[in-house]
$ cat target_27.cif   # mmCIF, C-alpha atoms
data_data
loop_
_atom_site.label_atom_id
_atom_site.label_comp_id
_atom_site.auth_asym_id
_atom_site.auth_seq_id
_atom_site.Cartn_x
_atom_site.Cartn_y
_atom_site.Cartn_z
CA MET A 1 -6.44 -37.41 -24.21
CA SER A 2 -8.20 -37.05 -20.85
CA ASP A 3 -4.93 -35.94 -19.20
CA GLU A 4 -4.65 -33.10 -21.72
CA LEU A 5 -8.25 -32.03 -21.11
CA VAL A 6 -7.72 -32.07 -17.33
CA ALA A 7 -4.46 -30.14 -17.67
CA ALA A 8 -6.19 -27.55 -19.87
CA ALA A 9 -9.05 -27.13 -17.38
CA LEU A 10 -6.62 -26.76 -14.46
CA GLU A 11 -4.41 -24.36 -16.41
CA ASP A 12 -7.40 -22.19 -17.29
CA ALA A 13 -8.55 -22.17 -13.65
CA SER A 14 -5.03 -21.30 -12.48
CA GLU A 15 -4.81 -18.37 -14.91
CA ARG A 16 -8.18 -17.02 -13.77
CA MET A 17 -7.14 -17.40 -10.13
CA ASP A 18 -3.83 -15.63 -10.83
CA LYS A 19 -5.75 -12.74 -12.38
CA ALA A 20 -8.00 -12.55 -9.30
CA VAL A 21 -4.94 -12.36 -7.02
CA VAL A 22 -3.27 -9.68 -9.19
CA HIS A 23 -6.51 -7.67 -9.32
CA THR A 24 -6.94 -7.89 -5.54
CA ARG A 25 -3.38 -6.69 -4.96
CA ALA A 26 -3.99 -3.78 -7.36
CA GLU A 27 -7.15 -2.91 -5.43
CA PHE A 28 -5.11 -2.91 -2.20
CA ALA A 29 -2.61 -0.48 -3.77
CA GLY A 30 -5.44 1.99 -4.29
CA VAL A 31 -6.24 2.09 -0.59
CA ARG A 32 -4.45 4.95 1.09
CA THR A 33 -2.00 4.52 3.93
CA GLY A 34 -0.30 7.38 5.73
CA ARG A 35 2.52 7.17 3.19
CA ALA A 36 2.57 8.61 -0.29
CA ASN A 37 1.95 5.90 -2.88
CA PRO A 38 1.53 6.47 -6.63
CA GLY A 39 -0.85 3.47 -6.73
CA LEU A 40 -3.48 5.67 -5.12
CA VAL A 41 -3.71 8.11 -8.05
CA GLU A 42 -2.27 6.37 -11.12
CA LYS A 43 -5.67 4.99 -12.19
CA VAL A 44 -7.55 8.27 -11.61
CA PRO A 45 -9.43 9.07 -14.85
CA VAL A 46 -8.40 12.40 -16.39
CA GLU A 47 -10.36 14.20 -19.12
CA TYR A 48 -7.63 14.97 -21.67
CA TYR A 49 -8.38 16.43 -25.11
CA GLY A 50 -11.84 14.94 -25.27
CA SER A 51 -11.03 11.44 -24.03
CA THR A 52 -10.67 9.93 -20.57
CA VAL A 53 -7.29 8.37 -19.78
CA PRO A 54 -5.70 7.08 -16.55
CA LEU A 55 -3.36 9.58 -14.90
CA GLN A 56 -0.39 7.20 -15.26
CA GLN A 57 -0.49 7.80 -19.04
CA LEU A 58 -0.18 11.56 -18.58
CA ALA A 59 2.45 11.94 -15.88
CA SER A 60 5.32 10.44 -13.95
CA PHE A 61 5.33 10.10 -10.18
CA SER A 62 7.97 10.54 -7.51
CA VAL A 63 7.95 10.31 -3.73
CA PRO A 64 10.59 12.75 -2.42
CA GLU A 65 9.52 12.13 1.19
CA ALA A 66 7.21 9.72 3.02
CA ARG A 67 4.12 11.94 2.97
CA MET A 68 4.63 13.78 -0.34
CA LEU A 69 3.78 12.61 -3.85
CA VAL A 70 4.94 14.69 -6.80
CA ILE A 71 3.16 14.34 -10.14
CA ASN A 72 5.11 15.57 -13.18
CA PRO A 73 2.83 15.85 -16.23
CA PHE A 74 4.41 15.06 -19.60
CA ASP A 75 2.32 17.88 -21.08
CA LYS A 76 2.13 21.03 -18.93
CA GLY A 77 -1.15 21.84 -20.66
CA ALA A 78 -2.73 18.94 -18.79
CA MET A 79 -1.99 20.40 -15.33
CA ALA A 80 -5.46 21.85 -14.76
CA ALA A 81 -7.20 18.66 -15.97
CA ILE A 82 -5.01 16.49 -13.70
CA GLU A 83 -5.63 18.77 -10.72
CA ARG A 84 -9.39 18.70 -11.33
CA ALA A 85 -9.41 14.90 -11.72
CA ILE A 86 -7.60 14.43 -8.39
CA GLN A 87 -10.08 16.74 -6.65
CA ASP A 88 -13.02 14.94 -8.31
CA ALA A 89 -11.64 11.54 -7.25
CA ASN A 90 -12.50 12.49 -3.66
CA LEU A 91 -9.32 11.00 -2.16
CA GLY A 92 -9.12 13.48 0.69
CA LEU A 93 -6.03 15.09 -0.85
CA ASN A 94 -5.58 18.70 -1.95
CA PRO A 95 -3.33 19.08 -4.98
CA SER A 96 -1.03 22.09 -5.04
CA ASN A 97 0.16 23.23 -8.45
CA ASP A 98 3.44 25.15 -8.76
CA GLY A 99 3.27 25.44 -12.56
CA ALA A 100 5.77 22.63 -13.16
CA ALA A 101 4.45 19.83 -10.97
CA ILE A 102 1.50 18.91 -8.78
CA ARG A 103 2.26 18.07 -5.16
CA LEU A 104 0.03 15.95 -2.95
CA ALA A 105 0.66 16.10 0.80
CA PHE A 106 -0.65 13.04 2.64
CA PRO A 107 -1.96 13.93 6.10
CA PRO A 108 -1.48 11.33 8.86
CA LEU A 109 -4.43 8.96 9.19
CA THR A 110 -6.65 8.97 12.25
CA GLU A 111 -7.24 5.70 14.10
CA GLU A 112 -10.87 5.67 12.98
CA ARG A 113 -9.87 6.19 9.33
CA ARG A 114 -7.31 3.37 9.57
CA LYS A 115 -9.96 0.95 10.85
CA GLU A 116 -12.28 2.03 8.03
CA TYR A 117 -9.54 1.28 5.49
CA VAL A 118 -8.88 -2.11 7.10
CA ARG A 119 -12.58 -2.97 6.70
CA LEU A 120 -12.36 -1.86 3.08
CA VAL A 121 -9.32 -4.06 2.27
CA LYS A 122 -10.95 -7.03 4.04
CA HIS A 123 -13.96 -6.56 1.78
CA LYS A 124 -11.71 -6.36 -1.30
CA ALA A 125 -9.91 -9.53 -0.15
CA GLU A 126 -13.23 -11.34 0.18
CA GLU A 127 -14.14 -10.25 -3.35
CA GLY A 128 -10.80 -11.68 -4.52
CA ARG A 129 -11.42 -14.98 -2.73
CA THR A 130 -14.91 -15.10 -4.29
CA SER A 131 -13.36 -14.69 -7.75
CA VAL A 132 -10.92 -17.52 -7.01
CA ARG A 133 -13.80 -19.76 -5.87
CA GLY A 134 -15.75 -18.83 -9.00
CA ALA A 135 -12.83 -20.03 -11.12
CA ARG A 136 -12.77 -23.26 -9.09
CA ARG A 137 -16.53 -23.75 -9.55
CA ASP A 138 -16.28 -23.25 -13.33
CA ALA A 139 -13.33 -25.65 -13.59
CA ARG A 140 -15.19 -28.22 -11.52
CA LYS A 141 -18.19 -27.97 -13.88
CA ASP A 142 -15.85 -28.51 -16.86
CA LEU A 143 -14.29 -31.55 -15.20
CA GLU A 144 -17.67 -33.03 -14.29
CA ALA A 145 -18.82 -32.52 -17.90
CA LEU A 146 -15.74 -34.42 -19.09
CA GLU A 147 -16.64 -37.30 -16.76
CA LYS A 148 -20.27 -37.25 -17.90
CA ASP A 149 -19.18 -37.37 -21.55
CA GLY A 150 -17.00 -40.40 -20.78
CA ASP A 151 -13.71 -38.53 -21.39
CA LEU A 152 -12.71 -38.85 -17.74
CA SER A 153 -12.93 -41.70 -15.23
CA ALA A 154 -14.31 -41.16 -11.72
CA ASP A 155 -10.80 -41.67 -10.26
CA ASP A 156 -9.30 -39.12 -12.66
CA LEU A 157 -12.07 -36.70 -11.73
CA ARG A 158 -11.28 -37.10 -8.01
CA ARG A 159 -7.55 -36.56 -8.65
CA ALA A 160 -8.28 -33.47 -10.77
CA GLU A 161 -10.62 -32.05 -8.12
CA THR A 162 -7.95 -32.59 -5.44
CA GLU A 163 -5.47 -30.71 -7.62
CA LEU A 164 -8.04 -27.96 -8.19
CA ASP A 165 -8.61 -27.63 -4.44
CA LYS A 166 -4.84 -27.30 -3.90
CA LEU A 167 -4.73 -24.52 -6.51
CA THR A 168 -7.65 -22.77 -4.84
CA LYS A 169 -6.09 -22.92 -1.36
CA GLU A 170 -2.77 -21.64 -2.71
CA HIS A 171 -4.39 -18.64 -4.42
CA GLU A 172 -6.54 -17.85 -1.38
CA ARG A 173 -3.36 -17.97 0.72
CA HIS A 174 -1.74 -15.39 -1.61
CA ILE A 175 -4.73 -13.08 -1.10
CA ASP A 176 -4.63 -13.62 2.68
CA GLU A 177 -0.90 -12.81 2.78
CA ALA A 178 -1.46 -9.61 0.77
CA LEU A 179 -4.35 -8.71 3.09
CA GLU A 180 -2.21 -9.22 6.18
CA ALA A 181 0.60 -7.08 4.73
CA LYS A 182 -1.82 -4.28 3.78
CA THR A 183 -3.54 -4.42 7.18
CA ASN A 184 -0.19 -4.11 8.95
CA GLU A 185 0.78 -1.24 6.65
CA LEU A 186 -2.49 0.57 7.42
CA MET A 187 -2.28 0.11 11.18
CA GLU A 188 1.32 1.25 11.61
CA GLY A 189 2.05 4.89 12.23
#
$ encode --input "target_27.cif" --output "structure tokens"
Amino acid sequence: MSDELVAAALEDASERMDKAVVHTRAEFAGVRTGRANPGLVEKVPVEYYGSTVPLQQLASFSVPEARMLVINPFDKGAMAAIERAIQDANLGLNPSNDGAAIRLAFPPLTEERRKEYVRLVKHKAEEGRTSVRGARRDARKDLEALEKDGDLSADDLRRAETELDKLTKEHERHIDEALEAKTNELMEG
């Protein structure tokens, strides 16, 4: 019985930590590098027939060259709304509309801008690590409650906490690896 409760608590913590890692990586994708990346604009909210939807639901994306992103709306009637949403998103990009597609040219990043983006992704990584630690804290409370209720021995609690700490370190390592990759991507030419 206690093994099942411990396994459930650890599984729940692991799922929450996985979500924190996935969310952090998604946040990193939204930070611009010198290269065209659909991740930067796919979540941009677009006002479309009275409701707000993410751009990825209204268009497909292609990257014909390193610094060019082409957005092909499924409905040509949405072109003006998509263009306006990109301008309102304040991404530092000027959309050009040729009637069939919207093109975004990505200018090269300055050194100062790169360092600003690195600071931003470090902050996002710290938020991710904080979420992972929050999941650990909640799981630890659950485990301690099990011990207090007599469903878990002190030795089982120690073993479960050791396992929980391993999970936490592993998920923090995933965030750190993603941070390092994004930092390198931002700092290269």
$ resolve_selection --input "target_27.cif" --expression "the PyMOL selection byres ((chain A and resi 123) around 12)" --output "ChimeraX atom specification"
/A:24,27-28,31,116-122,124-130,175-176,179,183
$ resolve_selection --input "target_27.cif" --expression "the PyMOL selection byres ((chain A and resi 89) around 12)" --output "count of residues only"
23
$ atom_distance --input "target_27.cif" --atom1 "CA of Ser60 (chain A)" --atom2 "CA of Leu104 (chain A)"
13.4 Å
$ residues_around --input "target_27.cif" --residues "region 155-171 of chain A" --least-positions-apart "4" --cutoff "7 Å" --atoms "all atoms listed in the file" --output "list of chain:residue names"
A:Val6, A:Leu10, A:Ser14, A:Met17, A:Val21, A:Val132, A:Arg133, A:Arg136, A:Arg140, A:Leu143, A:Glu147, A:Ile175
$ axis_aligned_box --input "target_27.cif" --around "region 51-63 of chain A" --padding-each-side "8 Å" --output "JSON"
{"center_x": -1.5, "center_y": 9.5, "center_z": -13.9, "size_x": 35.0, "size_y": 20.9, "size_z": 36.3}
$ closest_residue --input "target_27.cif" --among "A:Ala181, A:Asp142, A:Gly134, A:Pro108" --to "Ala8 (chain A)" --atoms "only C-alpha atoms"
A:Asp142
$ atom_distance --input "target_27.cif" --atom1 "CA of Phe61 (chain A)" --atom2 "CA of Glu47 (chain A)"
18.5 Å
$ atom_distance --input "target_27.cif" --atom1 "CA of Gln57 (chain A)" --atom2 "CA of Ala80 (chain A)"
15.5 Å
$ closest_residue --input "target_27.cif" --among "A:Lys182, A:Arg67, A:His23, A:Arg16" --to "Phe106 (chain A)" --atoms "all atoms listed in the file"
A:Arg67
$ resolve_selection --input "target_27.cif" --expression "the PyMOL selection byres ((chain A and resi 102) around 9)" --output "count of residues only"
17
$ residues_around --input "target_27.cif" --residues "Ala145 (chain A)" --least-positions-apart "5" --cutoff "12 Å" --atoms "all atoms listed in the file" --output "list in words"
Ser2, Leu5, Val6, Ala9, Asp138, Ala139, Arg140, Gly150, Asp151, Leu152, Ser153, Ala154 and Leu157 of chain A
$ decode --input "target_27.cif" --residues "region 44-85 of chain A" --atoms "N, CA and C atoms" --output "short mmCIF file (atom, residue, chain, number, x, y, z; two decimals), in the first residue's frame"
data_model
loop_
_atom_site.label_atom_id
_atom_site.label_comp_id
_atom_site.auth_asym_id
_atom_site.auth_seq_id
_atom_site.Cartn_x
_atom_site.Cartn_y
_atom_site.Cartn_z
N VAL A 44 1.49 33.99 -31.49
CA VAL A 44 1.00 35.36 -31.54
C VAL A 44 -0.53 35.34 -31.66
N PRO A 45 -1.24 36.05 -30.76
CA PRO A 45 -2.70 36.05 -30.81
C PRO A 45 -3.20 36.92 -31.97
N VAL A 46 -4.10 36.36 -32.76
CA VAL A 46 -4.67 37.07 -33.91
C VAL A 46 -6.19 37.19 -33.71
N GLU A 47 -6.69 38.39 -33.91
CA GLU A 47 -8.13 38.65 -33.83
C GLU A 47 -8.73 38.18 -35.15
N TYR A 48 -9.54 37.10 -35.10
CA TYR A 48 -10.05 36.48 -36.32
C TYR A 48 -11.54 36.22 -36.16
N TYR A 49 -12.34 36.93 -36.91
CA TYR A 49 -13.81 36.80 -36.86
C TYR A 49 -14.35 36.84 -35.43
N GLY A 50 -13.90 37.83 -34.69
CA GLY A 50 -14.46 38.06 -33.36
C GLY A 50 -13.84 37.25 -32.23
N SER A 51 -12.93 36.34 -32.53
CA SER A 51 -12.28 35.60 -31.44
C SER A 51 -10.76 35.70 -31.62
N THR A 52 -10.04 35.46 -30.55
CA THR A 52 -8.59 35.53 -30.59
C THR A 52 -8.04 34.11 -30.65
N VAL A 53 -7.24 33.84 -31.68
CA VAL A 53 -6.65 32.51 -31.86
C VAL A 53 -5.16 32.64 -32.11
N PRO A 54 -4.36 31.61 -31.74
CA PRO A 54 -2.92 31.68 -32.04
C PRO A 54 -2.70 31.58 -33.55
N LEU A 55 -1.68 32.27 -34.02
CA LEU A 55 -1.38 32.33 -35.45
C LEU A 55 -1.21 30.95 -36.07
N GLN A 56 -0.67 30.00 -35.31
CA GLN A 56 -0.44 28.65 -35.86
C GLN A 56 -1.73 27.96 -36.30
N GLN A 57 -2.89 28.43 -35.82
CA GLN A 57 -4.16 27.85 -36.24
C GLN A 57 -4.69 28.47 -37.53
N LEU A 58 -4.05 29.57 -37.95
CA LEU A 58 -4.53 30.29 -39.13
C LEU A 58 -3.61 30.19 -40.33
N ALA A 59 -2.40 29.66 -40.13
CA ALA A 59 -1.43 29.70 -41.23
C ALA A 59 -0.39 28.60 -41.08
N SER A 60 0.29 28.33 -42.20
CA SER A 60 1.44 27.44 -42.16
C SER A 60 2.69 28.29 -42.31
N PHE A 61 3.82 27.73 -41.90
CA PHE A 61 5.07 28.48 -41.90
C PHE A 61 6.11 27.75 -42.72
N SER A 62 6.98 28.51 -43.38
CA SER A 62 8.13 27.91 -44.05
C SER A 62 9.32 28.85 -43.90
N VAL A 63 10.50 28.27 -43.96
CA VAL A 63 11.73 29.05 -43.85
C VAL A 63 12.56 28.79 -45.11
N PRO A 64 12.33 29.59 -46.17
CA PRO A 64 13.05 29.35 -47.42
C PRO A 64 14.54 29.67 -47.34
N GLU A 65 14.91 30.57 -46.43
CA GLU A 65 16.33 30.86 -46.20
C GLU A 65 16.51 31.23 -44.74
N ALA A 66 17.75 31.29 -44.29
CA ALA A 66 18.04 31.42 -42.85
C ALA A 66 17.38 32.62 -42.18
N ARG A 67 17.25 33.73 -42.88
CA ARG A 67 16.72 34.94 -42.25
C ARG A 67 15.35 35.34 -42.79
N MET A 68 14.63 34.40 -43.37
CA MET A 68 13.31 34.71 -43.94
C MET A 68 12.29 33.67 -43.47
N LEU A 69 11.18 34.17 -42.94
CA LEU A 69 10.06 33.31 -42.54
C LEU A 69 8.87 33.69 -43.40
N VAL A 70 8.25 32.68 -44.02
CA VAL A 70 7.09 32.93 -44.86
C VAL A 70 5.86 32.34 -44.16
N ILE A 71 4.84 33.17 -44.02
CA ILE A 71 3.59 32.75 -43.38
C ILE A 71 2.53 32.66 -44.47
N ASN A 72 1.96 31.47 -44.65
CA ASN A 72 0.92 31.24 -45.65
C ASN A 72 -0.42 31.03 -44.96
N PRO A 73 -1.27 32.06 -44.92
CA PRO A 73 -2.57 31.93 -44.27
C PRO A 73 -3.45 30.92 -45.01
N PHE A 74 -4.23 30.16 -44.25
CA PHE A 74 -5.17 29.22 -44.85
C PHE A 74 -6.32 29.99 -45.49
N ASP A 75 -6.66 31.13 -44.89
CA ASP A 75 -7.74 31.98 -45.39
C ASP A 75 -7.11 33.33 -45.74
N LYS A 76 -7.12 33.67 -47.03
CA LYS A 76 -6.49 34.93 -47.47
C LYS A 76 -7.17 36.15 -46.86
N GLY A 77 -8.40 35.99 -46.41
CA GLY A 77 -9.11 37.07 -45.75
C GLY A 77 -8.51 37.44 -44.40
N ALA A 78 -7.66 36.58 -43.88
CA ALA A 78 -7.05 36.83 -42.56
C ALA A 78 -5.72 37.56 -42.67
N MET A 79 -5.29 37.85 -43.90
CA MET A 79 -3.96 38.47 -44.10
C MET A 79 -3.78 39.74 -43.28
N ALA A 80 -4.74 40.66 -43.38
CA ALA A 80 -4.61 41.94 -42.68
C ALA A 80 -4.56 41.73 -41.17
N ALA A 81 -5.40 40.83 -40.65
CA ALA A 81 -5.43 40.57 -39.20
C ALA A 81 -4.10 39.97 -38.74
N ILE A 82 -3.53 39.06 -39.53
CA ILE A 82 -2.25 38.43 -39.18
C ILE A 82 -1.15 39.48 -39.19
N GLU A 83 -1.15 40.31 -40.23
CA GLU A 83 -0.13 41.36 -40.34
C GLU A 83 -0.20 42.31 -39.14
N ARG A 84 -1.42 42.72 -38.79
CA ARG A 84 -1.61 43.62 -37.65
C ARG A 84 -1.15 42.96 -36.36
N ALA A 85 -1.48 41.68 -36.17
CA ALA A 85 -1.10 40.97 -34.94
C ALA A 85 0.42 40.89 -34.81
#
